[in-house]
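Shown below: upload.cif, with mmCIF, N, CA and C atoms.
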data_work
loop_
_atom_site.label_atom_id
_atom_site.label_comp_id
_atom_site.auth_asym_id
_atom_site.auth_seq_id
_atom_site.Cartn_x
_atom_site.Cartn_y
_atom_site.Cartn_z
N MET A 1 0.82 -1.20 0.00
CA MET A 1 0.00 0.00 0.00
C MET A 1 0.86 1.25 0.00
N LYS A 2 1.90 1.27 0.88
CA LYS A 2 2.78 2.43 0.94
C LYS A 2 3.48 2.65 -0.40
N ARG A 3 3.86 1.56 -1.04
CA ARG A 3 4.54 1.66 -2.33
C ARG A 3 3.62 2.28 -3.38
N ALA A 4 2.37 1.93 -3.39
CA ALA A 4 1.41 2.48 -4.36
C ALA A 4 1.21 3.97 -4.13
N VAL A 5 1.11 4.37 -2.86
CA VAL A 5 0.95 5.79 -2.54
C VAL A 5 2.20 6.57 -2.98
N LEU A 6 3.37 5.99 -2.73
CA LEU A 6 4.62 6.63 -3.12
C LEU A 6 4.69 6.80 -4.64
N VAL A 7 4.30 5.79 -5.38
CA VAL A 7 4.30 5.87 -6.85
C VAL A 7 3.33 6.96 -7.32
N VAL A 8 2.15 7.03 -6.74
CA VAL A 8 1.17 8.05 -7.12
C VAL A 8 1.72 9.44 -6.84
N VAL A 9 2.33 9.63 -5.68
CA VAL A 9 2.90 10.94 -5.33
C VAL A 9 4.03 11.31 -6.29
N LEU A 10 4.91 10.37 -6.61
CA LEU A 10 6.01 10.64 -7.52
C LEU A 10 5.51 10.98 -8.93
N VAL A 11 4.51 10.27 -9.39
CA VAL A 11 3.94 10.56 -10.71
C VAL A 11 3.29 11.95 -10.71
N ALA A 12 2.57 12.28 -9.65
CA ALA A 12 1.93 13.60 -9.57
C ALA A 12 2.99 14.70 -9.56
N MET A 13 4.08 14.49 -8.84
CA MET A 13 5.15 15.49 -8.81
C MET A 13 5.82 15.62 -10.17
N ALA A 14 6.00 14.52 -10.87
CA ALA A 14 6.61 14.56 -12.20
C ALA A 14 5.73 15.31 -13.18
N VAL A 15 4.43 15.05 -13.14
CA VAL A 15 3.49 15.74 -14.02
C VAL A 15 3.48 17.24 -13.71
N ALA A 16 3.47 17.61 -12.45
CA ALA A 16 3.48 19.02 -12.06
C ALA A 16 4.78 19.68 -12.52
N GLY A 17 5.90 18.99 -12.37
CA GLY A 17 7.19 19.53 -12.81
C GLY A 17 7.24 19.74 -14.31
N ILE A 18 6.71 18.80 -15.07
CA ILE A 18 6.68 18.93 -16.53
C ILE A 18 5.78 20.09 -16.93
N ASP A 19 4.66 20.27 -16.25
CA ASP A 19 3.76 21.38 -16.55
C ASP A 19 4.43 22.72 -16.29
N VAL A 20 5.13 22.83 -15.18
CA VAL A 20 5.84 24.08 -14.85
C VAL A 20 6.93 24.35 -15.90
N LEU A 21 7.69 23.33 -16.26
CA LEU A 21 8.73 23.48 -17.26
C LEU A 21 8.14 23.89 -18.61
N ALA A 22 7.01 23.31 -18.99
CA ALA A 22 6.36 23.68 -20.24
C ALA A 22 5.92 25.13 -20.22
N ASP A 23 5.39 25.59 -19.09
CA ASP A 23 4.98 27.00 -18.99
C ASP A 23 6.16 27.94 -19.14
N LEU A 24 7.31 27.55 -18.65
CA LEU A 24 8.48 28.41 -18.72
C LEU A 24 9.13 28.44 -20.10
N THR A 25 8.95 27.38 -20.89
CA THR A 25 9.67 27.29 -22.16
C THR A 25 8.80 27.45 -23.40
N GLN A 26 7.51 27.30 -23.28
CA GLN A 26 6.66 27.40 -24.46
C GLN A 26 6.24 28.83 -24.72
N ASP A 27 5.98 29.09 -25.97
CA ASP A 27 5.47 30.39 -26.36
C ASP A 27 3.97 30.43 -26.09
N ARG A 28 3.55 31.45 -25.43
CA ARG A 28 2.13 31.60 -25.10
C ARG A 28 1.62 32.89 -25.73
N PRO A 29 0.38 32.89 -26.17
CA PRO A 29 -0.17 34.14 -26.69
C PRO A 29 -0.36 35.14 -25.56
N ASP A 30 -0.07 36.39 -25.85
CA ASP A 30 -0.23 37.45 -24.87
C ASP A 30 -1.58 38.10 -25.04
N ARG A 31 -2.17 38.47 -23.94
CA ARG A 31 -3.42 39.24 -23.98
C ARG A 31 -3.08 40.70 -23.75
N VAL A 32 -3.27 41.49 -24.76
CA VAL A 32 -2.98 42.92 -24.64
C VAL A 32 -4.24 43.70 -25.01
N PRO A 33 -4.53 44.78 -24.31
CA PRO A 33 -5.74 45.54 -24.58
C PRO A 33 -5.69 46.23 -25.94
N ARG A 34 -6.84 46.29 -26.59
CA ARG A 34 -6.93 47.05 -27.85
C ARG A 34 -6.62 48.51 -27.58
N GLY A 35 -5.95 49.14 -28.52
CA GLY A 35 -5.64 50.54 -28.38
C GLY A 35 -4.42 50.81 -27.52
N SER A 36 -3.81 49.76 -26.98
CA SER A 36 -2.61 49.95 -26.17
C SER A 36 -1.41 50.08 -27.10
N ARG A 37 -0.30 50.54 -26.54
CA ARG A 37 0.93 50.63 -27.32
C ARG A 37 2.13 50.45 -26.38
N SER A 38 3.24 50.07 -26.97
CA SER A 38 4.50 49.97 -26.23
C SER A 38 5.47 50.98 -26.80
N GLU A 39 6.18 51.64 -25.90
CA GLU A 39 7.22 52.59 -26.29
C GLU A 39 8.55 52.00 -25.84
N VAL A 40 9.38 51.65 -26.80
CA VAL A 40 10.65 51.00 -26.53
C VAL A 40 11.78 51.98 -26.87
N VAL A 41 12.67 52.21 -25.92
CA VAL A 41 13.85 53.03 -26.17
C VAL A 41 15.02 52.07 -26.35
N LEU A 42 15.67 52.19 -27.50
CA LEU A 42 16.73 51.29 -27.90
C LEU A 42 18.01 52.09 -28.12
N GLU A 43 19.09 51.60 -27.56
CA GLU A 43 20.40 52.22 -27.77
C GLU A 43 21.18 51.34 -28.74
N VAL A 44 21.72 51.96 -29.78
CA VAL A 44 22.45 51.22 -30.80
C VAL A 44 23.83 51.84 -30.96
N LYS A 45 24.85 51.01 -30.83
CA LYS A 45 26.23 51.47 -30.98
C LYS A 45 26.97 50.56 -31.93
N ILE A 46 27.94 51.12 -32.60
CA ILE A 46 28.83 50.30 -33.42
C ILE A 46 30.06 50.01 -32.57
N ARG A 47 30.63 48.84 -32.71
CA ARG A 47 31.72 48.42 -31.82
C ARG A 47 32.98 49.27 -31.95
N SER A 48 33.27 49.76 -33.13
CA SER A 48 34.47 50.57 -33.26
C SER A 48 34.25 51.63 -34.34
N GLY A 49 34.79 52.80 -34.10
CA GLY A 49 34.71 53.87 -35.09
C GLY A 49 33.41 54.64 -35.04
N LEU A 50 33.33 55.63 -35.89
CA LEU A 50 32.13 56.45 -35.98
C LEU A 50 31.09 55.76 -36.85
N ASP A 51 29.86 55.99 -36.53
CA ASP A 51 28.76 55.39 -37.29
C ASP A 51 28.17 56.44 -38.20
N PRO A 52 28.38 56.34 -39.52
CA PRO A 52 27.87 57.36 -40.43
C PRO A 52 26.36 57.31 -40.64
N ALA A 53 25.73 56.18 -40.34
CA ALA A 53 24.30 56.05 -40.58
C ALA A 53 23.62 55.35 -39.42
N PRO A 54 23.53 56.00 -38.24
CA PRO A 54 22.98 55.30 -37.07
C PRO A 54 21.51 54.91 -37.23
N LEU A 55 20.70 55.75 -37.86
CA LEU A 55 19.29 55.43 -38.03
C LEU A 55 19.13 54.20 -38.92
N GLY A 56 19.88 54.15 -39.98
CA GLY A 56 19.81 52.99 -40.88
C GLY A 56 20.20 51.70 -40.19
N ARG A 57 21.21 51.76 -39.35
CA ARG A 57 21.63 50.55 -38.63
C ARG A 57 20.58 50.14 -37.60
N ALA A 58 20.01 51.12 -36.90
CA ALA A 58 18.95 50.81 -35.93
C ALA A 58 17.74 50.20 -36.65
N GLN A 59 17.40 50.72 -37.80
CA GLN A 59 16.28 50.15 -38.57
C GLN A 59 16.60 48.73 -39.01
N GLY A 60 17.86 48.49 -39.36
CA GLY A 60 18.26 47.14 -39.75
C GLY A 60 18.15 46.16 -38.59
N LEU A 61 18.56 46.60 -37.41
CA LEU A 61 18.46 45.75 -36.23
C LEU A 61 17.00 45.46 -35.90
N TRP A 62 16.17 46.50 -35.90
CA TRP A 62 14.74 46.29 -35.62
C TRP A 62 14.13 45.36 -36.67
N GLY A 63 14.48 45.58 -37.92
CA GLY A 63 13.94 44.75 -39.00
C GLY A 63 14.34 43.29 -38.86
N ALA A 64 15.56 43.06 -38.36
CA ALA A 64 16.02 41.68 -38.17
C ALA A 64 15.30 40.99 -37.04
N CYS A 65 14.75 41.77 -36.09
CA CYS A 65 14.11 41.18 -34.90
C CYS A 65 12.59 41.29 -34.90
N GLU A 66 12.01 42.08 -35.78
CA GLU A 66 10.57 42.30 -35.72
C GLU A 66 9.75 41.04 -35.96
N HIS A 67 10.36 40.02 -36.55
CA HIS A 67 9.63 38.76 -36.77
C HIS A 67 9.30 38.04 -35.46
N THR A 68 9.93 38.44 -34.36
CA THR A 68 9.69 37.75 -33.09
C THR A 68 8.37 38.18 -32.45
N VAL A 69 7.77 39.26 -32.93
CA VAL A 69 6.48 39.74 -32.41
C VAL A 69 5.55 40.03 -33.58
N TYR A 70 4.26 40.06 -33.32
CA TYR A 70 3.33 40.39 -34.40
C TYR A 70 3.02 41.88 -34.43
N GLN A 71 3.40 42.61 -33.42
CA GLN A 71 3.16 44.05 -33.39
C GLN A 71 4.09 44.74 -34.38
N ARG A 72 3.61 45.80 -34.97
CA ARG A 72 4.41 46.55 -35.93
C ARG A 72 4.58 47.98 -35.45
N LEU A 73 5.62 48.61 -35.96
CA LEU A 73 5.88 50.00 -35.61
C LEU A 73 4.79 50.90 -36.18
N VAL A 74 4.43 51.92 -35.41
CA VAL A 74 3.50 52.93 -35.93
C VAL A 74 4.33 54.02 -36.59
N GLU A 75 3.70 54.77 -37.44
CA GLU A 75 4.38 55.87 -38.14
C GLU A 75 4.88 56.88 -37.14
N PRO A 76 6.02 57.41 -37.28
CA PRO A 76 6.94 57.39 -38.42
C PRO A 76 8.00 56.30 -38.34
N GLY A 77 7.82 55.28 -37.53
CA GLY A 77 8.83 54.23 -37.39
C GLY A 77 9.80 54.58 -36.29
N LEU A 78 11.04 54.14 -36.43
CA LEU A 78 12.07 54.47 -35.44
C LEU A 78 12.38 55.96 -35.51
N VAL A 79 12.45 56.59 -34.35
CA VAL A 79 12.75 58.02 -34.27
C VAL A 79 14.00 58.18 -33.42
N GLU A 80 14.97 58.93 -33.92
CA GLU A 80 16.20 59.16 -33.16
C GLU A 80 15.94 60.21 -32.10
N LEU A 81 16.12 59.83 -30.83
CA LEU A 81 15.91 60.74 -29.71
C LEU A 81 17.15 61.59 -29.46
N GLU A 82 18.28 60.95 -29.53
CA GLU A 82 19.59 61.60 -29.39
C GLU A 82 20.58 60.65 -30.04
N ALA A 83 21.84 61.03 -30.09
CA ALA A 83 22.85 60.22 -30.77
C ALA A 83 22.84 58.78 -30.25
N GLY A 84 22.49 57.85 -31.12
CA GLY A 84 22.51 56.43 -30.77
C GLY A 84 21.32 55.91 -29.99
N ARG A 85 20.35 56.76 -29.68
CA ARG A 85 19.14 56.34 -28.95
C ARG A 85 17.91 56.55 -29.81
N PHE A 86 17.07 55.52 -29.85
CA PHE A 86 15.92 55.53 -30.74
C PHE A 86 14.66 55.12 -30.00
N LEU A 87 13.54 55.68 -30.43
CA LEU A 87 12.23 55.34 -29.89
C LEU A 87 11.47 54.53 -30.93
N ALA A 88 10.96 53.41 -30.51
CA ALA A 88 10.11 52.57 -31.35
C ALA A 88 8.76 52.44 -30.65
N VAL A 89 7.68 52.78 -31.35
CA VAL A 89 6.34 52.67 -30.78
C VAL A 89 5.59 51.61 -31.57
N THR A 90 5.04 50.62 -30.85
CA THR A 90 4.28 49.56 -31.50
C THR A 90 2.83 49.60 -31.05
N GLU A 91 1.97 49.13 -31.91
CA GLU A 91 0.55 48.95 -31.57
C GLU A 91 0.14 47.58 -32.04
N PRO A 92 -0.56 46.85 -31.22
CA PRO A 92 -0.84 47.07 -29.82
C PRO A 92 0.42 46.89 -28.99
N ALA A 93 0.28 46.97 -27.68
CA ALA A 93 1.42 46.80 -26.78
C ALA A 93 2.03 45.42 -26.96
N ILE A 94 3.28 45.30 -26.59
CA ILE A 94 3.99 44.02 -26.67
C ILE A 94 3.80 43.31 -25.33
N GLY A 95 3.21 42.14 -25.37
CA GLY A 95 2.97 41.37 -24.15
C GLY A 95 4.24 40.76 -23.58
N GLU A 96 4.10 40.16 -22.42
CA GLU A 96 5.24 39.63 -21.67
C GLU A 96 6.03 38.58 -22.44
N HIS A 97 5.35 37.61 -23.03
CA HIS A 97 6.05 36.53 -23.74
C HIS A 97 6.73 37.05 -25.00
N ALA A 98 6.02 37.86 -25.75
CA ALA A 98 6.60 38.43 -26.97
C ALA A 98 7.77 39.35 -26.62
N TRP A 99 7.64 40.09 -25.51
CA TRP A 99 8.69 41.01 -25.11
C TRP A 99 10.01 40.29 -24.82
N ARG A 100 9.92 39.14 -24.18
CA ARG A 100 11.14 38.37 -23.89
C ARG A 100 11.87 38.01 -25.17
N LYS A 101 11.12 37.57 -26.17
CA LYS A 101 11.74 37.19 -27.44
C LYS A 101 12.34 38.40 -28.14
N LEU A 102 11.59 39.50 -28.19
CA LEU A 102 12.07 40.69 -28.88
C LEU A 102 13.30 41.27 -28.19
N GLN A 103 13.25 41.41 -26.88
CA GLN A 103 14.38 41.96 -26.14
C GLN A 103 15.63 41.09 -26.32
N GLY A 104 15.45 39.80 -26.24
CA GLY A 104 16.59 38.90 -26.45
C GLY A 104 17.20 39.06 -27.83
N CYS A 105 16.36 39.18 -28.84
CA CYS A 105 16.86 39.36 -30.20
C CYS A 105 17.59 40.69 -30.34
N LEU A 106 16.99 41.77 -29.85
CA LEU A 106 17.60 43.09 -30.00
C LEU A 106 18.95 43.18 -29.29
N GLU A 107 19.10 42.48 -28.18
CA GLU A 107 20.35 42.57 -27.42
C GLU A 107 21.37 41.51 -27.79
N ASP A 108 20.94 40.43 -28.45
CA ASP A 108 21.86 39.35 -28.77
C ASP A 108 22.22 39.25 -30.24
N PHE A 109 21.43 39.84 -31.10
CA PHE A 109 21.64 39.72 -32.55
C PHE A 109 22.90 40.50 -32.96
N THR A 110 23.70 39.92 -33.81
CA THR A 110 24.90 40.57 -34.30
C THR A 110 24.67 41.01 -35.74
N LEU A 111 24.83 42.30 -35.98
CA LEU A 111 24.61 42.86 -37.30
C LEU A 111 25.67 43.93 -37.55
N ASP A 112 26.62 43.64 -38.44
CA ASP A 112 27.65 44.61 -38.83
C ASP A 112 28.31 45.29 -37.64
N ARG A 113 28.83 44.51 -36.70
CA ARG A 113 29.52 45.03 -35.52
C ARG A 113 28.61 45.92 -34.67
N LEU A 114 27.34 45.75 -34.79
CA LEU A 114 26.36 46.58 -34.10
C LEU A 114 26.01 45.97 -32.74
N VAL A 115 25.88 46.81 -31.73
CA VAL A 115 25.50 46.36 -30.41
C VAL A 115 24.20 47.08 -30.03
N GLY A 116 23.18 46.31 -29.72
CA GLY A 116 21.90 46.89 -29.31
C GLY A 116 21.66 46.66 -27.83
N HIS A 117 21.03 47.64 -27.21
CA HIS A 117 20.70 47.54 -25.78
C HIS A 117 19.34 48.20 -25.57
N VAL A 118 18.42 47.48 -24.96
CA VAL A 118 17.11 48.04 -24.65
C VAL A 118 17.24 48.86 -23.39
N VAL A 119 16.96 50.16 -23.49
CA VAL A 119 17.05 51.06 -22.35
C VAL A 119 15.79 50.97 -21.51
N SER A 120 14.63 50.97 -22.18
CA SER A 120 13.37 50.91 -21.44
C SER A 120 12.24 50.46 -22.34
N LYS A 121 11.17 50.01 -21.69
CA LYS A 121 9.91 49.67 -22.38
C LYS A 121 8.79 50.16 -21.48
N LYS A 122 7.90 50.93 -22.06
CA LYS A 122 6.75 51.44 -21.31
C LYS A 122 5.50 51.11 -22.10
N ASP A 123 4.54 50.49 -21.42
CA ASP A 123 3.26 50.21 -22.04
C ASP A 123 2.29 51.32 -21.70
N VAL A 124 1.56 51.77 -22.71
CA VAL A 124 0.57 52.82 -22.55
C VAL A 124 -0.80 52.22 -22.85
N LEU A 125 -1.67 52.25 -21.86
CA LEU A 125 -3.02 51.68 -22.02
C LEU A 125 -3.95 52.73 -22.62
N PRO A 126 -5.01 52.26 -23.28
CA PRO A 126 -5.95 53.22 -23.87
C PRO A 126 -6.62 54.08 -22.80
N ALA A 127 -6.95 55.28 -23.18
CA ALA A 127 -7.58 56.21 -22.21
C ALA A 127 -9.00 55.83 -21.90
#
Encoding of this model in structure tokens:
Amino acid sequence: MKRAVLVVVLVAMAVAGIDVLADLTQDRPDRVPRGSRSEVVLEVKIRSGLDPAPLGRAQGLWGACEHTVYQRLVEPGLVELEAGRFLAVTEPAIGEHAWRKLQGCLEDFTLDRLVGHVVSKKDVLPA
């Protein structure tokens, strides 16, 4: 009897562990409110030397990573805030799961000696 109870407990723990692991590793759809938006500030630097076309490189980096989310940039697209810093506004907002993928891509992707760093992300809910 004790052996049967132990087997049942071990199986239940294994199933619970697999479920937790699946939740951590699987892609889940995000629920984001209609009319919401995300404002992402991205810093883009070239590893060495002066960058003659920082906006073009930032657009290239965003373009290489935009496939990780279904949200698209709103007009006018990437806007340079200051030297090497850009604002990207998406509609609707980028949810938690999609954000992890996008942030990882923007910070890990290598493009022409380019280094990307996400400075901030702010979600704006509809009024």
Selection: 8 Å around Arg72 of chain A, only C-alpha atoms, excl. self and same-chain fewer than 5 positions, as a compact mmCIF listing (two decimals) with N, CA and C atoms, keeping the file's coordinate frame:
# COMPACT_ATOMS: atom_id res chain seq x y z
N GLU A 66 12.01 42.08 -35.78
CA GLU A 66 10.57 42.30 -35.72
C GLU A 66 9.75 41.04 -35.96
N THR A 90 5.04 50.62 -30.85
CA THR A 90 4.28 49.56 -31.50
C THR A 90 2.83 49.60 -31.05
N GLU A 91 1.97 49.13 -31.91
CA GLU A 91 0.55 48.95 -31.57
C GLU A 91 0.14 47.58 -32.04
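Nearest-residue note for Trp99 of chain A: choosing from A:Asp30, A:Glu75, A:Glu43, A:Asp19, the minimum distance belongs to A:Asp30, counting only C-alpha atoms.
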For this session: Between A:Ala88, A:Leu106, A:Val5, A:Val119, single out the one closest to Glu39 of chain A, counting only N, CA and C atoms.
Result: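 Residue with the minimum atom-to-atom distance to Glu39 of chain A: A:Ala88.
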Exercise. Within 7 Å of Leu87 of chain A, counting all atoms listed in the file, which residues qualify if same-chain residues fewer than 3 places away don't, as a list in words?
Worked result: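 Contacts, with the query itself left out: Glu39, Val40, Val41, Leu42, Gly77, Leu78, Val79, Glu80 and Leu81 of chain A.
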Restricting the output to N, CA and C atoms, write the selected residues as an mmCIF file, keeping the file's coordinate frame.
data_model
loop_
_atom_site.group_PDB
_atom_site.id
_atom_site.type_symbol
_atom_site.label_atom_id
_atom_site.label_comp_id
_atom_site.auth_asym_id
_atom_site.auth_seq_id
_atom_site.Cartn_x
_atom_site.Cartn_y
_atom_site.Cartn_z
ATOM 1 N N GLU A 39 6.180 51.640 -25.900
ATOM 2 C CA GLU A 39 7.220 52.590 -26.290
ATOM 3 C C GLU A 39 8.550 52.000 -25.840
ATOM 4 N N VAL A 40 9.380 51.650 -26.800
ATOM 5 C CA VAL A 40 10.650 51.000 -26.530
ATOM 6 C C VAL A 40 11.780 51.980 -26.870
ATOM 7 N N VAL A 41 12.670 52.210 -25.920
ATOM 8 C CA VAL A 41 13.850 53.030 -26.170
ATOM 9 C C VAL A 41 15.020 52.070 -26.350
ATOM 10 N N LEU A 42 15.670 52.190 -27.500
ATOM 11 C CA LEU A 42 16.730 51.290 -27.900
ATOM 12 C C LEU A 42 18.010 52.090 -28.120
ATOM 13 N N GLY A 77 7.820 55.280 -37.530
ATOM 14 C CA GLY A 77 8.830 54.230 -37.390
ATOM 15 C C GLY A 77 9.800 54.580 -36.290
ATOM 16 N N LEU A 78 11.040 54.140 -36.430
ATOM 17 C CA LEU A 78 12.070 54.470 -35.440
ATOM 18 C C LEU A 78 12.380 55.960 -35.510
ATOM 19 N N VAL A 79 12.450 56.590 -34.350
ATOM 20 C CA VAL A 79 12.750 58.020 -34.270
ATOM 21 C C VAL A 79 14.000 58.180 -33.420
ATOM 22 N N GLU A 80 14.970 58.930 -33.920
ATOM 23 C CA GLU A 80 16.200 59.160 -33.160
ATOM 24 C C GLU A 80 15.940 60.210 -32.100
ATOM 25 N N LEU A 81 16.120 59.830 -30.830
ATOM 26 C CA LEU A 81 15.910 60.740 -29.710
ATOM 27 C C LEU A 81 17.150 61.590 -29.460
#
For this session: Taking the file as shown, find all residues satisfying the PyMOL selection byres ((chain A and resi 58) around 8) and write them as a list of chain:residue names.
Result: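 In the shown coordinates, the PyMOL selection byres ((chain A and resi 58) around 8) covers A:Leu42, A:Glu43, A:Val44, A:Lys45, A:Ala53, A:Pro54, A:Leu55, A:Gly56, A:Arg57, A:Gln59, A:Gly60, A:Leu61, A:Trp62, A:Gly63, A:Ala64, A:Leu78, A:Phe86.
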On this structure, which residues satisfy the PyMOL selection byres ((chain A and resi 93) around 6), written as a tab-separated table (two decimals) with N, CA and C atoms, keeping the file's coordinate frame?
chain	number	residue	atom	x	y	z
A	36	SER	N	-3.81	49.76	-26.98
A	36	SER	CA	-2.61	49.95	-26.17
A	36	SER	C	-1.41	50.08	-27.10
A	37	ARG	N	-0.30	50.54	-26.54
A	37	ARG	CA	0.93	50.63	-27.32
A	37	ARG	C	2.13	50.45	-26.38
A	38	SER	N	3.24	50.07	-26.97
A	38	SER	CA	4.50	49.97	-26.23
A	38	SER	C	5.47	50.98	-26.80
A	90	THR	N	5.04	50.62	-30.85
A	90	THR	CA	4.28	49.56	-31.50
A	90	THR	C	2.83	49.60	-31.05
A	91	GLU	N	1.97	49.13	-31.91
A	91	GLU	CA	0.55	48.95	-31.57
A	91	GLU	C	0.14	47.58	-32.04
A	92	PRO	N	-0.56	46.85	-31.22
A	92	PRO	CA	-0.84	47.07	-29.82
A	92	PRO	C	0.42	46.89	-28.99
A	94	ILE	N	3.28	45.30	-26.59
A	94	ILE	CA	3.99	44.02	-26.67
A	94	ILE	C	3.80	43.31	-25.33
A	95	GLY	N	3.21	42.14	-25.37
A	95	GLY	CA	2.97	41.37	-24.15
A	95	GLY	C	4.24	40.76	-23.58
Seminar exercise, completed: Atom pair atom C of Asp123 of chain A + atom CA of Ile46 of chain A, distance 29.0 Å
Exercise. When you draw a straight line from atom CA of Arg34 of chain A to atom CA of Pro126 of chain A, how long is it in Å?
Worked result: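 About the pair atom CA of Arg34 of chain A and atom CA of Pro126 of chain A: they are 7.4 Å apart.
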Problem set entry | Interatomic distance (Å, one decimal) between atom CA of Arg47 of chain A and atom CA of Cys105 of chain A |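 A separation of 17.5 Å between them.
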For this session: May I have all residues of chain A that DSSP, computed from the backbone, assigns to strand (DSSP E), given as number ranges by chain?
Result: A: 37-46, 72-73, 79-82, 85-91, 114-124
For the residues in the current selection, export N, CA and C atoms as a CSV table (one decimal), in the coordinates of the input.
chain,number,residue,atom,x,y,z
A,37,ARG,N,-0.3,50.5,-26.5
A,37,ARG,CA,0.9,50.6,-27.3
A,37,ARG,C,2.1,50.4,-26.4
A,38,SER,N,3.2,50.1,-27.0
A,38,SER,CA,4.5,50.0,-26.2
A,38,SER,C,5.5,51.0,-26.8
A,39,GLU,N,6.2,51.6,-25.9
A,39,GLU,CA,7.2,52.6,-26.3
A,39,GLU,C,8.6,52.0,-25.8
A,40,VAL,N,9.4,51.6,-26.8
A,40,VAL,CA,10.6,51.0,-26.5
A,40,VAL,C,11.8,52.0,-26.9
A,41,VAL,N,12.7,52.2,-25.9
A,41,VAL,CA,13.8,53.0,-26.2
A,41,VAL,C,15.0,52.1,-26.4
A,42,LEU,N,15.7,52.2,-27.5
A,42,LEU,CA,16.7,51.3,-27.9
A,42,LEU,C,18.0,52.1,-28.1
A,43,GLU,N,19.1,51.6,-27.6
A,43,GLU,CA,20.4,52.2,-27.8
A,43,GLU,C,21.2,51.3,-28.7
A,44,VAL,N,21.7,52.0,-29.8
A,44,VAL,CA,22.4,51.2,-30.8
A,44,VAL,C,23.8,51.8,-31.0
A,45,LYS,N,24.8,51.0,-30.8
A,45,LYS,CA,26.2,51.5,-31.0
A,45,LYS,C,27.0,50.6,-31.9
A,46,ILE,N,27.9,51.1,-32.6
A,46,ILE,CA,28.8,50.3,-33.4
A,46,ILE,C,30.1,50.0,-32.6
A,72,ARG,N,3.6,45.8,-35.0
A,72,ARG,CA,4.4,46.6,-35.9
A,72,ARG,C,4.6,48.0,-35.4
A,73,LEU,N,5.6,48.6,-36.0
A,73,LEU,CA,5.9,50.0,-35.6
A,73,LEU,C,4.8,50.9,-36.2
A,79,VAL,N,12.4,56.6,-34.4
A,79,VAL,CA,12.8,58.0,-34.3
A,79,VAL,C,14.0,58.2,-33.4
A,80,GLU,N,15.0,58.9,-33.9
A,80,GLU,CA,16.2,59.2,-33.2
A,80,GLU,C,15.9,60.2,-32.1
A,81,LEU,N,16.1,59.8,-30.8
A,81,LEU,CA,15.9,60.7,-29.7
A,81,LEU,C,17.2,61.6,-29.5
A,82,GLU,N,18.3,61.0,-29.5
A,82,GLU,CA,19.6,61.6,-29.4
A,82,GLU,C,20.6,60.6,-30.0
A,85,ARG,N,20.4,56.8,-29.7
A,85,ARG,CA,19.1,56.3,-29.0
A,85,ARG,C,17.9,56.6,-29.8
A,86,PHE,N,17.1,55.5,-29.8
A,86,PHE,CA,15.9,55.5,-30.7
A,86,PHE,C,14.7,55.1,-30.0
A,87,LEU,N,13.5,55.7,-30.4
A,87,LEU,CA,12.2,55.3,-29.9
A,87,LEU,C,11.5,54.5,-30.9
A,88,ALA,N,11.0,53.4,-30.5
A,88,ALA,CA,10.1,52.6,-31.4
A,88,ALA,C,8.8,52.4,-30.6
A,89,VAL,N,7.7,52.8,-31.4
A,89,VAL,CA,6.3,52.7,-30.8
A,89,VAL,C,5.6,51.6,-31.6
A,90,THR,N,5.0,50.6,-30.8
A,90,THR,CA,4.3,49.6,-31.5
A,90,THR,C,2.8,49.6,-31.0
A,91,GLU,N,2.0,49.1,-31.9
A,91,GLU,CA,0.6,49.0,-31.6
A,91,GLU,C,0.1,47.6,-32.0
A,114,LEU,N,27.3,45.8,-34.8
A,114,LEU,CA,26.4,46.6,-34.1
A,114,LEU,C,26.0,46.0,-32.7
A,115,VAL,N,25.9,46.8,-31.7
A,115,VAL,CA,25.5,46.4,-30.4
A,115,VAL,C,24.2,47.1,-30.0
A,116,GLY,N,23.2,46.3,-29.7
A,116,GLY,CA,21.9,46.9,-29.3
A,116,GLY,C,21.7,46.7,-27.8
A,117,HIS,N,21.0,47.6,-27.2
A,117,HIS,CA,20.7,47.5,-25.8
A,117,HIS,C,19.3,48.2,-25.6
A,118,VAL,N,18.4,47.5,-25.0
A,118,VAL,CA,17.1,48.0,-24.6
A,118,VAL,C,17.2,48.9,-23.4
A,119,VAL,N,17.0,50.2,-23.5
A,119,VAL,CA,17.0,51.1,-22.4
A,119,VAL,C,15.8,51.0,-21.5
A,120,SER,N,14.6,51.0,-22.2
A,120,SER,CA,13.4,50.9,-21.4
A,120,SER,C,12.2,50.5,-22.3
A,121,LYS,N,11.2,50.0,-21.7
A,121,LYS,CA,9.9,49.7,-22.4
A,121,LYS,C,8.8,50.2,-21.5
A,122,LYS,N,7.9,50.9,-22.1
A,122,LYS,CA,6.8,51.4,-21.3
A,122,LYS,C,5.5,51.1,-22.1
A,123,ASP,N,4.5,50.5,-21.4
A,123,ASP,CA,3.3,50.2,-22.0
A,123,ASP,C,2.3,51.3,-21.7
A,124,VAL,N,1.6,51.8,-22.7
A,124,VAL,CA,0.6,52.8,-22.6
A,124,VAL,C,-0.8,52.2,-22.8
Kindly compute an axis-aligned box around the listed atoms of segment 103-118 of chain A, allowing 5 Å on each side, and express its centre and edge lengths in Å to one decimal as lines of an AutoDock Vina configuration file.
center_x = 21.4
center_y = 43.9
center_z = -31.1
size_x = 26.3
size_y = 20.0
size_z = 25.4
